[in-house]
Each structure stands twice: as C-alpha cells, then as structure tokens.
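Novice: Handing over structure.pdb, PDB, C-alpha atoms.
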ATOM      1  CA  MET A   1      31.429 -35.671   7.134
ATOM      2  CA  ASN A   2      27.691 -35.253   6.609
ATOM      3  CA  THR A   3      24.856 -33.467   8.364
ATOM      4  CA  LEU A   4      21.087 -33.803   8.376
ATOM      5  CA  ALA A   5      19.590 -30.378   7.738
ATOM      6  CA  VAL A   6      16.235 -28.705   7.448
ATOM      7  CA  VAL A   7      16.124 -27.433   3.871
ATOM      8  CA  ILE A   8      13.429 -25.066   2.643
ATOM      9  CA  GLU A   9      13.334 -26.025  -1.038
ATOM     10  CA  GLN A  10      10.895 -23.255  -1.948
ATOM     11  CA  PRO A  11       8.145 -21.388  -0.066
ATOM     12  CA  GLU A  12       6.136 -23.771   2.112
ATOM     13  CA  ARG A  13       8.087 -26.827   0.973
ATOM     14  CA  LEU A  14      10.509 -28.344   3.457
ATOM     15  CA  SER A  15      12.680 -31.442   3.498
ATOM     16  CA  LEU A  16      15.227 -33.104   5.756
ATOM     17  CA  SER A  17      18.316 -33.602   3.618
ATOM     18  CA  ALA A  18      21.768 -35.136   4.095
ATOM     19  CA  LEU A  19      24.370 -32.529   3.144
ATOM     20  CA  ARG A  20      28.146 -32.707   2.911
ATOM     21  CA  LEU A  21      30.151 -30.603   5.351
ATOM     22  CA  PRO A  22      33.570 -29.056   4.652
ATOM     23  CA  ALA A  23      36.796 -30.103   6.329
ATOM     24  CA  LEU A  24      37.905 -28.216   9.431
ATOM     25  CA  GLN A  25      40.059 -25.160   8.845
ATOM     26  CA  GLY A  26      42.023 -23.025  11.322
ATOM     27  CA  ASP A  27      39.873 -22.273  14.360
ATOM     28  CA  ASP A  28      36.773 -24.100  13.058
ATOM     29  CA  VAL A  29      34.740 -26.293  15.379
ATOM     30  CA  VAL A  30      32.258 -29.085  14.699
ATOM     31  CA  VAL A  31      29.108 -28.749  16.786
ATOM     32  CA  GLU A  32      26.702 -31.633  17.376
ATOM     33  CA  VAL A  33      23.355 -29.829  17.649
ATOM     34  CA  GLU A  34      20.937 -30.724  20.448
ATOM     35  CA  TYR A  35      18.174 -28.168  19.886
ATOM     36  CA  SER A  36      17.327 -25.466  17.376
ATOM     37  CA  GLY A  37      14.597 -22.838  17.526
ATOM     38  CA  ILE A  38      12.163 -21.709  14.843
ATOM     39  CA  SER A  39      11.932 -17.928  14.454
ATOM     40  CA  THR A  40       8.429 -16.577  13.927
ATOM     41  CA  GLY A  41       9.908 -13.400  12.427
ATOM     42  CA  THR A  42      12.529 -13.903   9.736
ATOM     43  CA  GLU A  43      11.915 -17.634   9.285
ATOM     44  CA  ARG A  44       8.211 -17.041   8.752
ATOM     45  CA  LEU A  45       9.106 -14.693   5.876
ATOM     46  CA  ILE A  46      11.475 -17.289   4.397
ATOM     47  CA  TRP A  47       8.801 -19.961   4.787
ATOM     48  CA  ASN A  48       6.014 -18.017   3.075
ATOM     49  CA  GLY A  49       8.202 -16.419   0.400
ATOM     50  CA  THR A  50       7.892 -12.795   1.555
ATOM     51  CA  MET A  51      11.457 -12.309   2.807
ATOM     52  CA  PRO A  52      12.889  -9.072   1.322
ATOM     53  CA  MET A  53      16.118  -9.274  -0.645
ATOM     54  CA  PHE A  54      18.685  -9.995   2.016
ATOM     55  CA  PRO A  55      22.328 -11.123   1.764
ATOM     56  CA  GLY A  56      22.317 -14.884   1.260
ATOM     57  CA  MET A  57      18.613 -15.091   0.434
ATOM     58  CA  GLY A  58      17.520 -17.666  -2.144
ATOM     59  CA  TYR A  59      16.241 -21.239  -2.313
ATOM     60  CA  PRO A  60      17.083 -23.934  -1.403
ATOM     61  CA  LEU A  61      18.393 -22.836   1.986
ATOM     62  CA  VAL A  62      19.023 -24.041   5.516
ATOM     63  CA  PRO A  63      17.235 -21.663   7.931
ATOM     64  CA  GLY A  64      17.734 -20.944  11.606
ATOM     65  CA  TYR A  65      19.926 -18.819  13.834
ATOM     66  CA  GLU A  66      19.176 -20.423  17.214
ATOM     67  CA  ALA A  67      21.052 -23.665  17.838
ATOM     68  CA  VAL A  68      22.686 -25.127  20.907
ATOM     69  CA  GLY A  69      24.913 -28.185  21.065
ATOM     70  CA  ARG A  70      28.307 -29.577  22.006
ATOM     71  CA  VAL A  71      31.681 -29.206  20.335
ATOM     72  CA  MET A  72      32.726 -32.611  19.023
ATOM     73  CA  ALA A  73      35.932 -31.653  17.163
ATOM     74  CA  VAL A  74      38.164 -28.581  16.828
ATOM     75  CA  GLY A  75      40.548 -27.249  14.228
ATOM     76  CA  PRO A  76      44.280 -26.828  14.918
ATOM     77  CA  GLY A  77      43.922 -23.127  15.739
ATOM     78  CA  SER A  78      40.810 -23.344  17.914
ATOM     79  CA  ALA A  79      40.609 -22.025  21.460
ATOM     80  CA  ASN A  80      37.458 -24.081  22.105
ATOM     81  CA  TRP A  81      37.466 -27.575  23.532
ATOM     82  CA  VAL A  82      35.707 -30.846  22.829
ATOM     83  CA  GLY A  83      32.631 -31.341  24.999
ATOM     84  CA  GLN A  84      32.022 -27.635  25.493
ATOM     85  CA  ARG A  85      28.334 -26.623  25.228
ATOM     86  CA  VAL A  86      27.858 -23.694  22.882
ATOM     87  CA  PHE A  87      25.246 -21.504  21.247
ATOM     88  CA  VAL A  88      25.524 -21.225  17.444
ATOM     89  CA  PRO A  89      23.873 -18.214  15.749
ATOM     90  CA  GLY A  90      24.115 -19.712  12.256
ATOM     91  CA  ALA A  91      26.438 -21.392   9.773
ATOM     92  CA  ARG A  92      27.392 -21.373   6.099
ATOM     93  CA  CYS A  93      28.801 -24.829   5.642
ATOM     94  CA  PHE A  94      26.399 -26.486   3.210
ATOM     95  CA  GLY A  95      28.071 -26.157  -0.173
ATOM     96  CA  ASP A  96      25.582 -25.203  -2.879
ATOM     97  CA  VAL A  97      22.711 -25.022  -0.391
ATOM     98  CA  ARG A  98      22.501 -21.536   1.087
ATOM     99  CA  GLY A  99      22.661 -20.939   4.826
ATOM    100  CA  LEU A 100      20.207 -18.237   5.900
ATOM    101  CA  PHE A 101      20.931 -18.389   8.644
ATOM    102  CA  GLY A 102      21.982 -22.005   8.622
ATOM    103  CA  ALA A 103      21.698 -23.356  12.165
ATOM    104  CA  SER A 104      18.906 -25.926  11.723
ATOM    105  CA  ALA A 105      21.046 -29.001  11.179
ATOM    106  CA  SER A 106      22.277 -31.959  13.192
ATOM    107  CA  ARG A 107      25.944 -31.007  12.808
ATOM    108  CA  LEU A 108      27.591 -27.697  11.966
ATOM    109  CA  VAL A 109      31.077 -26.542  11.002
ATOM    110  CA  VAL A 110      31.597 -22.937  12.114
ATOM    111  CA  PRO A 111      34.476 -20.601  12.991
ATOM    112  CA  GLY A 112      35.283 -20.933  16.666
ATOM    113  CA  ALA A 113      34.895 -17.189  17.194
ATOM    114  CA  LYS A 114      31.242 -17.462  16.185
ATOM    115  CA  VAL A 115      30.126 -19.826  18.954
ATOM    116  CA  LEU A 116      29.409 -18.792  22.535
ATOM    117  CA  PRO A 117      29.875 -21.079  25.568
ATOM    118  CA  VAL A 118      26.638 -21.529  27.510
ATOM    119  CA  ASP A 119      25.693 -22.924  30.898
ATOM    120  CA  ASP A 120      24.567 -26.548  30.833
ATOM    121  CA  LYS A 121      21.685 -25.770  33.192
ATOM    122  CA  LEU A 122      19.936 -23.682  30.524
ATOM    123  CA  GLY A 123      19.075 -26.831  28.562
ATOM    124  CA  PRO A 124      16.889 -26.124  25.507
ATOM    125  CA  GLN A 125      16.243 -22.590  26.791
ATOM    126  CA  ALA A 126      19.684 -21.693  25.425
ATOM    127  CA  VAL A 127      18.103 -21.391  21.951
ATOM    128  CA  LEU A 128      16.532 -18.133  23.236
ATOM    129  CA  LEU A 129      19.882 -16.394  23.645
ATOM    130  CA  ALA A 130      19.684 -14.734  20.224
ATOM    131  CA  LEU A 131      16.275 -13.231  20.952
ATOM    132  CA  ALA A 132      17.370 -12.140  24.417
ATOM    133  CA  ALA A 133      20.467 -10.493  22.925
ATOM    134  CA  THR A 134      18.295  -8.842  20.262
ATOM    135  CA  ALA A 135      16.041  -7.391  22.975
ATOM    136  CA  TYR A 136      19.069  -6.185  24.929
ATOM    137  CA  HIS A 137      20.650  -4.678  21.802
ATOM    138  CA  SER A 138      17.553  -2.608  21.033
ATOM    139  CA  VAL A 139      18.122  -0.731  24.300
ATOM    140  CA  ALA A 140      21.879  -1.009  24.832
ATOM    141  CA  GLY A 141      23.133  -0.736  21.249
ATOM    142  CA  GLY A 142      25.760  -3.450  21.509
ATOM    143  CA  GLY A 143      28.055  -1.320  23.630
ATOM    144  CA  GLN A 144      28.719   0.942  20.622
ATOM    145  CA  THR A 145      26.459   3.798  21.753
ATOM    146  CA  ALA A 146      25.176   5.210  25.011
ATOM    147  CA  PRO A 147      22.173   3.226  26.296
ATOM    148  CA  HIS A 148      18.882   4.353  24.785
ATOM    149  CA  THR A 149      15.683   5.261  26.612
ATOM    150  CA  PRO A 150      14.087   1.991  27.757
ATOM    151  CA  PRO A 151      10.577   1.269  26.498
ATOM    152  CA  ASP A 152       7.553   2.583  28.298
ATOM    153  CA  LEU A 153       5.399   0.918  25.612
ATOM    154  CA  ILE A 154       6.214  -2.458  24.042
ATOM    155  CA  VAL A 155       4.076  -3.480  21.066
ATOM    156  CA  GLY A 156       3.669  -7.265  20.897
ATOM    157  CA  HIS A 157       3.695  -9.918  23.633
ATOM    158  CA  GLY A 158       5.478 -12.712  21.814
ATOM    159  CA  VAL A 159       8.856 -13.973  23.000
ATOM    160  CA  LEU A 160      10.782 -10.834  22.000
ATOM    161  CA  GLY A 161       8.221  -8.549  23.644
ATOM    162  CA  ARG A 162       8.261 -10.631  26.815
ATOM    163  CA  LEU A 163      12.044 -10.541  26.947
ATOM    164  CA  LEU A 164      12.040  -6.753  26.591
ATOM    165  CA  ALA A 165       9.474  -6.534  29.378
ATOM    166  CA  ARG A 166      11.495  -8.852  31.626
ATOM    167  CA  MET A 167      14.609  -6.762  31.056
ATOM    168  CA  ASN A 168      12.659  -3.667  32.107
ATOM    169  CA  VAL A 169      11.576  -5.433  35.289
ATOM    170  CA  ALA A 170      15.150  -6.624  35.913
ATOM    171  CA  ALA A 171      16.276  -2.993  35.673
ATOM    172  CA  GLY A 172      13.669  -1.933  38.238
ATOM    173  CA  ILE A 173      11.344  -0.357  35.658
ATOM    174  CA  THR A 174       7.697  -1.137  36.351
ATOM    175  CA  ASP A 175       5.810   1.844  34.884
ATOM    176  CA  PHE A 176       5.427   0.542  31.346
ATOM    177  CA  THR A 177       2.767  -1.070  29.181
ATOM    178  CA  VAL A 178       2.676  -3.916  26.683
ATOM    179  CA  TRP A 179       0.142  -3.987  23.845
ATOM    180  CA  GLU A 180      -1.229  -7.273  22.550
ATOM    181  CA  THR A 181      -4.319  -7.689  20.369
ATOM    182  CA  ASN A 182      -4.509 -11.499  20.521
ATOM    183  CA  PRO A 183      -6.189 -12.637  23.758
ATOM    184  CA  VAL A 184      -4.270 -15.931  23.632
ATOM    185  CA  ARG A 185      -1.040 -14.000  24.151
ATOM    186  CA  GLN A 186      -2.205 -11.489  26.734
ATOM    187  CA  GLY A 187      -1.389 -13.745  29.698
ATOM    188  CA  GLY A 188       1.974 -14.529  31.234
ATOM    189  CA  ALA A 189       2.929 -11.034  32.394
ATOM    190  CA  GLU A 190       4.923 -10.787  35.622
ATOM    191  CA  GLY A 191       5.507  -7.303  37.013
ATOM    192  CA  TYR A 192       3.858  -5.395  34.163
ATOM    193  CA  ARG A 193       0.484  -4.917  32.480
ATOM    194  CA  VAL A 194      -0.688  -6.104  29.066
ATOM    195  CA  LEU A 195      -3.477  -4.179  27.348
ATOM    196  CA  HIS A 196      -5.342  -4.231  24.064
ATOM    197  CA  PRO A 197      -4.459  -0.937  22.307
ATOM    198  CA  GLN A 198      -8.129   0.062  22.396
ATOM    199  CA  ASP A 199      -8.032  -0.065  26.193
ATOM    200  CA  ASP A 200      -5.068   2.297  26.444
ATOM    201  CA  ALA A 201      -5.811   6.041  26.305
ATOM    202  CA  ARG A 202      -2.243   7.198  26.923
ATOM    203  CA  ARG A 203      -0.640   9.468  24.298
ATOM    204  CA  ASP A 204       2.579  10.604  25.932
ATOM    205  CA  TYR A 205       4.935   7.656  25.583
ATOM    206  CA  ARG A 206       8.617   8.567  25.448
ATOM    207  CA  ALA A 207       9.898   5.342  23.875
ATOM    208  CA  ILE A 208       7.714   2.889  21.963
ATOM    209  CA  TYR A 209       9.432  -0.368  20.983
ATOM    210  CA  ASP A 210       7.578  -2.227  18.243
ATOM    211  CA  VAL A 211       8.350  -5.940  18.006
ATOM    212  CA  SER A 212       5.196  -6.848  16.084
ATOM    213  CA  GLY A 213       6.694  -6.717  12.590
ATOM    214  CA  ASP A 214       3.521  -4.921  11.426
ATOM    215  CA  ALA A 215       4.585  -2.374   8.788
ATOM    216  CA  GLY A 216       1.209  -0.622   8.971
ATOM    217  CA  LEU A 217       1.492   0.502  12.603
ATOM    218  CA  LEU A 218       3.879   3.429  12.312
ATOM    219  CA  ASP A 219       1.288   6.226  12.151
ATOM    220  CA  THR A 220      -0.627   4.706  15.084
ATOM    221  CA  LEU A 221       2.537   4.558  17.179
ATOM    222  CA  ILE A 222       3.609   8.098  16.306
ATOM    223  CA  GLY A 223       0.155   9.246  17.426
ATOM    224  CA  ARG A 224       0.891   7.847  20.900
ATOM    225  CA  LEU A 225       4.223   9.649  21.367
ATOM    226  CA  ALA A 226       5.061  12.553  23.642
ATOM    227  CA  PHE A 227       6.877  15.500  22.047
ATOM    228  CA  GLY A 228      10.394  14.380  21.149
ATOM    229  CA  GLY A 229       9.486  10.749  21.673
ATOM    230  CA  GLU A 230      10.965   7.814  19.788
ATOM    231  CA  VAL A 231       9.594   4.805  17.938
ATOM    232  CA  VAL A 232      12.060   1.912  17.872
ATOM    233  CA  LEU A 233      11.539  -0.622  15.090
ATOM    234  CA  ALA A 234      12.816  -3.778  16.746
ATOM    235  CA  GLY A 235      10.922  -6.302  14.629
ATOM    236  CA  PHE A 236      11.561  -7.367  11.044
ATOM    237  CA  TYR A 237       9.319  -5.907   8.344
ATOM    238  CA  ALA A 238       8.497  -7.474   4.988
ATOM    239  CA  GLN A 239       6.534  -4.496   3.649
ATOM    240  CA  PRO A 240       7.677  -0.891   3.112
ATOM    241  CA  LEU A 241       7.032   1.456   6.016
ATOM    242  CA  SER A 242       5.473   4.870   5.500
ATOM    243  CA  LEU A 243       4.180   7.701   7.662
ATOM    244  CA  ASN A 244       2.068  10.825   7.536
ATOM    245  CA  PHE A 245       4.528  13.648   8.019
ATOM    246  CA  ALA A 246       2.407  16.207   9.898
ATOM    247  CA  PRO A 247       1.780  14.159  13.091
ATOM    248  CA  ALA A 248       5.481  13.191  13.216
ATOM    249  CA  PHE A 249       6.456  16.835  12.641
ATOM    250  CA  MET A 250       4.216  18.131  15.433
ATOM    251  CA  ARG A 251       5.800  15.709  17.885
ATOM    252  CA  GLU A 252       9.338  16.060  16.508
ATOM    253  CA  ALA A 253       9.273  12.278  16.507
ATOM    254  CA  ARG A 254      12.377  10.140  16.172
ATOM    255  CA  ILE A 255      12.415   6.749  14.468
ATOM    256  CA  ARG A 256      15.222   4.273  15.117
ATOM    257  CA  VAL A 257      15.906   0.849  13.666
ATOM    258  CA  ALA A 258      17.343  -1.731  16.064
ATOM    259  CA  ALA A 259      19.380  -4.212  14.055
ATOM    260  CA  GLU A 260      21.140  -7.485  14.794
ATOM    261  CA  TRP A 261      22.649  -8.161  18.203
ATOM    262  CA  LYS A 262      26.394  -7.855  18.722
ATOM    263  CA  ARG A 263      28.660  -9.990  20.872
ATOM    264  CA  PRO A 264      28.629  -7.524  23.839
ATOM    265  CA  ASP A 265      24.831  -7.909  23.937
ATOM    266  CA  MET A 266      25.153 -11.688  24.125
ATOM    267  CA  LEU A 267      27.754 -11.472  26.871
ATOM    268  CA  ALA A 268      25.559  -9.064  28.844
ATOM    269  CA  VAL A 269      22.549 -11.372  28.537
ATOM    270  CA  ASN A 270      24.637 -14.334  29.668
ATOM    271  CA  ALA A 271      25.693 -12.311  32.715
ATOM    272  CA  LEU A 272      22.067 -11.430  33.540
ATOM    273  CA  LEU A 273      21.091 -15.101  33.310
ATOM    274  CA  HIS A 274      24.039 -16.222  35.420
ATOM    275  CA  ALA A 275      23.159 -13.635  38.098
ATOM    276  CA  GLY A 276      19.530 -14.756  38.153
ATOM    277  CA  ARG A 277      18.262 -11.325  37.103
ATOM    278  CA  LEU A 278      16.730 -12.600  33.867
ATOM    279  CA  SER A 279      14.589 -15.714  33.452
ATOM    280  CA  LEU A 280      13.791 -17.606  30.258
ATOM    281  CA  ASP A 281      11.127 -19.730  31.948
ATOM    282  CA  GLY A 282       7.781 -20.175  30.219
ATOM    283  CA  LEU A 283       8.918 -18.984  26.796
ATOM    284  CA  LEU A 284       9.507 -22.368  25.156
ATOM    285  CA  THR A 285       6.005 -23.708  24.668
ATOM    286  CA  HIS A 286       6.477 -26.504  22.103
ATOM    287  CA  CYS A 287       9.198 -29.033  21.274
ATOM    288  CA  GLU A 288       9.101 -31.627  18.490
ATOM    289  CA  PRO A 289      11.579 -34.231  17.233
ATOM    290  CA  VAL A 290      13.263 -33.093  14.054
ATOM    291  CA  GLU A 291      11.469 -35.822  12.106
ATOM    292  CA  GLN A 292       8.319 -33.731  12.629
ATOM    293  CA  ALA A 293       9.928 -30.545  11.280
ATOM    294  CA  GLY A 294       7.282 -29.996   8.589
ATOM    295  CA  SER A 295       4.357 -29.919  11.005
ATOM    296  CA  ALA A 296       6.476 -28.052  13.593
ATOM    297  CA  TYR A 297       7.144 -25.197  11.158
ATOM    298  CA  ALA A 298       3.476 -25.023  10.194
ATOM    299  CA  GLN A 299       2.385 -24.873  13.837
ATOM    300  CA  ALA A 300       5.034 -22.315  14.781
ATOM    301  CA  PHE A 301       3.618 -19.907  12.205
ATOM    302  CA  SER A 302      -0.109 -20.582  12.630
ATOM    303  CA  ASP A 303      -0.773 -21.291  16.318
ATOM    304  CA  PRO A 304      -0.874 -18.114  18.469
ATOM    305  CA  GLY A 305      -0.453 -20.301  21.550
ATOM    306  CA  CYS A 306       2.930 -21.433  20.240
ATOM    307  CA  LEU A 307       5.299 -18.790  21.547
ATOM    308  CA  LYS A 308       8.417 -20.737  20.629
ATOM    309  CA  MET A 309       8.824 -24.032  18.809
ATOM    310  CA  VAL A 310      12.030 -25.996  19.339
ATOM    311  CA  LEU A 311      13.321 -28.888  17.249
ATOM    312  CA  ASP A 312      14.984 -31.722  19.177
ATOM    313  CA  TRP A 313      17.968 -33.179  17.249
ATOM    314  CA  ARG A 314      19.320 -35.471  19.950
ATOM    315  CA  HIS A 315      17.769 -38.722  18.736
ATOM    316  CA  HIS A 316      17.397 -38.132  15.018
ATOM    317  CA  ALA A 317      17.467 -41.215  12.821
TER     318      ALA A 317
END
What does this structure look like when you write it as structure tokens?
Specialist:
Amino acid sequence: MNTLAVVIEQPERLSLSALRLPALQGDDVVVEVEYSGISTGTERLIWNGTMPMFPGMGYPLVPGYEAVGRVMAVGPGSANWVGQRVFVPGARCFGDVRGLFGASASRLVVPGAKVLPVDDKLGPQAVLLALAATAYHSVAGGGQTAPHTPPDLIVGHGVLGRLLARMNVAAGITDFTVWETNPVRQGGAEGYRVLHPQDDARRDYRAIYDVSGDAGLLDTLIGRLAFGGEVVLAGFYAQPLSLNFAPAFMREARIRVAAEWKRPDMLAVNALLHAGRLSLDGLLTHCEPVEQAGSAYAQAFSDPGCLKMVLDWRHHA
C-alpha cells in the first residue's frame, strides 16, 4: 500500500513523493486524507531550516499535524469503523522518511487511539481542531491542572490568537485586548478589540498570552504586567528567550510555557463546536490542490493575508 506525501527534502525544497506504507497492526486504521493544513508556526521553521532540535527532526521528512479524512480500513483490534470521519494529528508510517509530524499525505496508517471522530458538517474546517485544542490547552491545561487565568492580553491575531479570543468571548469574557502590528491582520475581530501595541497604554495586565512566536518580546510583555502577573508562552520559538531580571523581579512576574494539547482539550473543543459556542468560520482563507503544494507552502509563509492554507487531497492524480 502506497501513499502520496509532501516531503520536505531540505530547507525550502519540497516534493510530492510516493512512499510505501506498513501493513496494519492491532488497532491501526488506514485514513484516506481529504484535507491537511499548513502550520505557520512549526512548519515554517521546518521549511526555512530554523527548527530547533526536536524529537524526530531531520530531513527528508513529511510535515503536518492537521489532517482530516475517512477511515478506509481497520486492524483486527480496532474500535473504529470504516467510513468514519476522523481528525489525524500526525503519523509515523513512512519508513526511512521521517514524520514530523507526518499528516500531509494522501493516506495514513495510524494507531486507532490517535484519531478523533469529527462531525461531517465541519468540512475542511476540521483541520483547525489542533490549533483550537492548543488554544484551549493554554488556559485549561489538558484537565491535568486547575484552569489558569484567561488572557486579558493576547499577542498576535493569527489563527491561534483569534481562537483564544473567541474562547474568551464564548466564556463571557469581553474585557480583553489583542495586539497585532500588521494592519492586514487587524480586522476580523468579533466581540473584542485589536490594537497596535503603540496604541495601548495599559500596564496592568494579569495574564498575557503570546502566540506570536517572537522570542524578542519577553521584556516588552513583562513591562505590561500587573504585580504578580503572568506571561504565557503559547507560541513556538526558534530563538533563545531572555529577560532583564529587575523588571520581572519588581512585578514578581510568572512565566509559563503552554505545550502541546492533550486529548481532554480536543474533546472539550469538540463539545464547544457541537454546542455552537465556538465558531471556526473565517479562519480558513486559502485552499489549493495538493499538486500546488510548493506554491501553497510559499504563500502560507509569506502572505500576511493568508491566515490558514489548506491542501485539498480529494482529487490528487
């Protein structure tokens, strides 16, 4: 059994390659992929060669952790069923080609416990489930800790920032601000305000959630905290982070890293979507057939008007 996969051969060099898939084992499922998303965070770092040393990193690799498709076959121990629509957060089924995170392929073999059933009505928007779960995790902690203070400042109005803002609104929180320096991305707010940092004089934020991925912002953010406030690093950072100690000391600042989503986060997001309390509308801005993957990746990382690029695998040659 073969698959057609996006393979990043080396920085800024991409191909579509036929790769051999392994036989089904135990609870494995085969998923025929319909859509996959391109991450402007981690995948950008893989694309341009600045990804820090990370488990599984190395070239060539199959990227992607946002795929949605249908189960086309199941192993003898699987609890899933053929025809079920599922979200796949990644796969490692490509032999000598690494999978980081391995979801950008026409067909995937993954353990059944790794996939998540999704509502058909979501369509291609289902690729956003990982980002929505990441946003939820930054506040809720995957059900492993007590919920954290929700953001009263969100830094960055890309997809992750917008999802955080929408979750605030869904929770009835309206007194918060979003920072965005790029005028192209300042629109699209519903129920909250988006400001350029220069237009915001406030310096008493209790919880600042940074989703910009800018490693040079930490001192600026600490300078905007109230005493005992917290900066949450919810992006992914290629460069080392540093801070001037005295301003952090005077505020008794806390710094927290929000890591990868956990299954309870995904289940909670699915429940919010099902209840109509969270919307994914307006976040997918571009969709290209997989044959155009090279130009799609380039646009995803260079066009500020491209919030989210999706690859369409349904009619691949």
Novice: List the residues matched by the PyMOL selection byres ((chain A and resi 270-274) around 10) in the displayed structure as a count of residues only, ordered by chain and then by residue number.
Specialist: 23
Novice: Name every residue that the PyMOL selection byres ((chain A and resi 259) around 10) selects in this structure, writing the answer as an mmCIF file with C-alpha atoms, in the frame of the given file with chains first and numbers rising.
Specialist:
data_model
loop_
_atom_site.group_PDB
_atom_site.id
_atom_site.type_symbol
_atom_site.label_atom_id
_atom_site.label_comp_id
_atom_site.auth_asym_id
_atom_site.auth_seq_id
_atom_site.Cartn_x
_atom_site.Cartn_y
_atom_site.Cartn_z
ATOM 1 C CA THR A 134 18.295 -8.842 20.262
ATOM 2 C CA HIS A 137 20.650 -4.678 21.802
ATOM 3 C CA SER A 138 17.553 -2.608 21.033
ATOM 4 C CA GLY A 141 23.133 -0.736 21.249
ATOM 5 C CA GLY A 142 25.760 -3.450 21.509
ATOM 6 C CA LEU A 233 11.539 -0.622 15.090
ATOM 7 C CA ALA A 234 12.816 -3.778 16.746
ATOM 8 C CA GLY A 235 10.922 -6.302 14.629
ATOM 9 C CA PHE A 236 11.561 -7.367 11.044
ATOM 10 C CA ARG A 256 15.222 4.273 15.117
ATOM 11 C CA VAL A 257 15.906 0.849 13.666
ATOM 12 C CA ALA A 258 17.343 -1.731 16.064
ATOM 13 C CA GLU A 260 21.140 -7.485 14.794
ATOM 14 C CA TRP A 261 22.649 -8.161 18.203
ATOM 15 C CA LYS A 262 26.394 -7.855 18.722
#
Novice: Could you tell me, as a list in words, which residues have any atom at most 8 Å from (0.8, 10.2, 17.6), counting all atoms listed in the file?
Specialist: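 Residues found, by chain and rising number: Arg203, Asp219, Thr220, Leu221, Ile222, Gly223, Arg224, Leu225, Ala226, Pro247, Ala248 and Arg251 of chain A.
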Novice: Taking the file as shown, find all residues satisfying the PyMOL selection byres ((chain A and resi 23) around 10) and write them as a PDB file with C-alpha atoms, in the frame of the given file.
Specialist:
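Okay, this is what ended up in expr.pdb:
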ATOM      1  CA  MET A   1      31.429 -35.671   7.134  1.00  0.00           C
ATOM      2  CA  ARG A  20      28.146 -32.707   2.911  1.00  0.00           C
ATOM      3  CA  LEU A  21      30.151 -30.603   5.351  1.00  0.00           C
ATOM      4  CA  PRO A  22      33.570 -29.056   4.652  1.00  0.00           C
ATOM      5  CA  LEU A  24      37.905 -28.216   9.431  1.00  0.00           C
ATOM      6  CA  GLN A  25      40.059 -25.160   8.845  1.00  0.00           C
ATOM      7  CA  ASP A  28      36.773 -24.100  13.058  1.00  0.00           C
ATOM      8  CA  VAL A  30      32.258 -29.085  14.699  1.00  0.00           C
ATOM      9  CA  GLY A  75      40.548 -27.249  14.228  1.00  0.00           C
ATOM     10  CA  CYS A  93      28.801 -24.829   5.642  1.00  0.00           C
ATOM     11  CA  VAL A 109      31.077 -26.542  11.002  1.00  0.00           C
TER      12      VAL A 109
END
Novice: Mind checking which residues fall within 8 Å of A:Arg92, counting all atoms listed in the file, ignoring those fewer than 6 positions away in the same chain, and posting them as number ranges by chain?
Specialist: A: 98-102, 110
Novice: Keeping C-alpha atoms for every residue in the selection just given, could you write it to a file as a compact mmCIF listing (two decimals), in the coordinates of the input?
Specialist:
# COMPACT_ATOMS: atom_id res chain seq x y z
CA ARG A 98 22.50 -21.54 1.09
CA GLY A 99 22.66 -20.94 4.83
CA LEU A 100 20.21 -18.24 5.90
CA PHE A 101 20.93 -18.39 8.64
CA GLY A 102 21.98 -22.00 8.62
CA VAL A 110 31.60 -22.94 12.11
Novice: May I ask which of the residues A:Ser212, A:Thr285, A:Ser36, A:Asn48 is the closest one to A:Ala298, counting only C-alpha atoms?
Specialist: A:Asn48
Novice: If we count all atoms listed in the file, what is near A:Asn2 at a cut-off of 10 Å, once residues fewer than 5 positions away on the same chain are taken out, given as a list in words?
Specialist: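 Answer for this query is Ser17, Ala18, Leu19, Arg20, Leu21, Pro22, Phe94, Ser106, Arg107 and Leu108 of chain A.
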Novice: Counting only C-alpha atoms, which residues come within 6 Å of (9.1, -2.4, 27.8), with the point read in the file's coordinates, and could you list them as a PyMOL selection string?
Specialist: chain A and resi 151-154+164-165+168+176
Novice: Using only C-alpha atoms, which of A:Val211, A:Leu217, A:Val127, A:Ala171 sits nearest A:Leu284?
Specialist: A:Val127
Novice: For atom CA of A:Arg85 and atom CA of A:Ala67, quote the distance in Å rounded to one decimal.
Specialist: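 If I compute the distance from atom CA of A:Arg85 to atom CA of A:Ala67, I get 10.8 Å.
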Novice: Smallest atom-to-atom distance to A:Gly56: which of A:Ala130, A:Ala91, A:Arg13, A:Gly83, using only C-alpha atoms?
Specialist: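 Using only C-alpha atoms, A:Gly56 sits closest to A:Ala91.
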Novice: Write out as a list in words which residues come within 12 Å of A:Ser302 when counting all atoms listed in the file, dropping same-chain ones fewer than 6 positions away.
Specialist: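 The contact residues come out as Thr40, Arg44, Trp47, Asn48, Ser295, Ala296, Lys308 and Met309 of chain A.
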Novice: Atom CA of A:Gly112 to atom CA of A:Val7: how many Å, to one decimal?
Specialist: 23.9 Å
